[in-house]
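Data first, discussion second: the structure below is written as structure tokens.
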Amino acid sequence: MTSRFTELTVDCHDGERLADFWCAVLDFKVIDRSEGKVEIGSWVPTIEEVRARQMPPTVQFIQVPEGKTVKNRLHLDVSPIDGSTEDEVTRLLGLGATTTDVGQGSDRNWVVMADPEGNEFCVLRTLAPQN
């Protein structure tokens, strides 16, 4: 018996806004929406594909009444694939992210940011080919 990691769920106030932000960050698309929920992904999951092998998880944004009060215990890490880490941070700031301090210190090679609702995520080293 085994399980698959199929979705990451993020509590939020405005799922549409966060879905738009994360679709732009990750080049995902909205694959499902219903009242109070928006799901995004790089593919449309089918039961057969998920049962056959581990596939990339989707991200769901679920509307909840309470606000975020503390640092997230779980967060996403993203790695730019066609530009520098600094260029990606600049792009994400333009999409509505902010830089934030969670005690990481200034000597790190990653950048801690927050999405438009304050959920922390990290921009790691670039995966772009080095000339």
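To be explicit about the labels: the chains of the structure tokens are called A, B, and onward in the order shown, and within each one the residues are counted from 1, while ligands get numbers from 1 in the order they are shown.
Residues in contact with Val25 of chain A at 12 Å, where only C-alpha atoms are counted and same-chain residues fewer than 3 positions away are skipped, are listed as Leu18, Ala19, Asp20, Phe21, Trp22, Phe28, Lys29, Ile40, Gly41, Ser42, Leu76, Asp77, Val78, Ser79, Pro80, Ile81, Glu88, Val89, Thr90, Arg91, Leu92, Leu93, Gly94, Leu95, Gly96, Ala97, Asp115, Phe121 and Val123 of chain A.
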Skipping near chain neighbours, those fewer than 5 positions away, what residues fall within 7 Å of segment 99-104 of chain A using only C-alpha atoms, listed as a tab-separated table (two decimals) with N, CA and C atoms, in the first residue's frame?
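Contents of result37.tsv, as written:
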chain	number	residue	atom	x	y	z
A	112	VAL	N	14.20	34.87	0.46
A	112	VAL	CA	12.89	34.57	1.03
A	112	VAL	C	11.93	35.67	0.58
A	113	MET	N	10.81	35.23	0.03
A	113	MET	CA	9.80	36.15	-0.46
A	113	MET	C	8.45	35.75	0.12
A	114	ALA	N	7.44	36.56	-0.12
A	114	ALA	CA	6.07	36.24	0.28
A	114	ALA	C	5.15	36.54	-0.89
>> For the alpha helix (DSSP H) assignment from backbone DSSP, which residues of chain A qualify? Please present them as a count of residues only.
In response: 29
> Between atom CA of Pro129 of chain A and atom CA of Thr98 of chain A, what is the spacing in Å?
Replying inline: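 Spanning atom CA of Thr98 of chain A to atom CA of Pro129 of chain A is a straight-line distance of 26.5 Å.
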Can you tell me, as a PDB file with N, CA and C atoms, in the first residue's frame, what residues are no more than 10 Å from Ser3 of chain A when counting only C-alpha atoms, ignoring any on the same chain fewer than 2 positions away?
ATOM      1  N   MET A   1       0.845  -1.180   0.000  1.00  0.00           N
ATOM      2  CA  MET A   1       0.000   0.000   0.000  1.00  0.00           C
ATOM      3  C   MET A   1       0.885   1.236   0.000  1.00  0.00           C
ATOM      4  N   PHE A   5       1.584  12.002  -3.435  1.00  0.00           N
ATOM      5  CA  PHE A   5       1.465  13.421  -3.130  1.00  0.00           C
ATOM      6  C   PHE A   5       0.773  14.037  -4.338  1.00  0.00           C
ATOM      7  N   THR A   6      -0.501  14.395  -4.193  1.00  0.00           N
ATOM      8  CA  THR A   6      -1.288  14.839  -5.340  1.00  0.00           C
ATOM      9  C   THR A   6      -1.607  16.328  -5.338  1.00  0.00           C
ATOM     10  N   VAL A  50      -1.954   9.106 -12.118  1.00  0.00           N
ATOM     11  CA  VAL A  50      -1.515   9.217 -10.722  1.00  0.00           C
ATOM     12  C   VAL A  50      -1.245   7.837 -10.133  1.00  0.00           C
ATOM     13  N   ARG A  51      -2.069   6.876 -10.452  1.00  0.00           N
ATOM     14  CA  ARG A  51      -1.844   5.515  -9.950  1.00  0.00           C
ATOM     15  C   ARG A  51      -0.581   4.899 -10.549  1.00  0.00           C
ATOM     16  N   GLN A  54       4.368   8.689  -9.709  1.00  0.00           N
ATOM     17  CA  GLN A  54       4.283   9.987  -9.041  1.00  0.00           C
ATOM     18  C   GLN A  54       4.347  11.093 -10.085  1.00  0.00           C
TER      19      GLN A  54
END
>> Among chain A, which residues does DSSP mark as strand (DSSP E) when it is run on the backbone? Keep the chain and numbering as in the structure and answer as a ChimeraX atom specification.
In response: /A:7-12,29-34,37-41,58-63,76-78,98-99,111-114,120-123
> When you draw a straight line from atom CA of Gly15 of chain A to atom CA of Asn119 of chain A, how long is it in Å?
Replying inline: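 Between atom CA of Gly15 of chain A and atom CA of Asn119 of chain A the gap is 12.7 Å.
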> atom CA of Cys122 of chain A to atom CA of His75 of chain A: how many Å, to one decimal?
Replying inline: 7.8 Å
> Within 9 Å of Lys37 of chain A, counting only C-alpha atoms, which residues qualify if same-chain residues fewer than 6 places away don't, as a VMD selection string?
Replying inline: chain A and resid 15 to 16 60 to 63
>> I'd like to know which of A:Cys23, A:Asp107, A:Pro65, A:Arg4 is closest to Ile47 of chain A, using only C-alpha atoms.
In response: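 Selected residue with least distance to Ile47 of chain A: A:Arg4.
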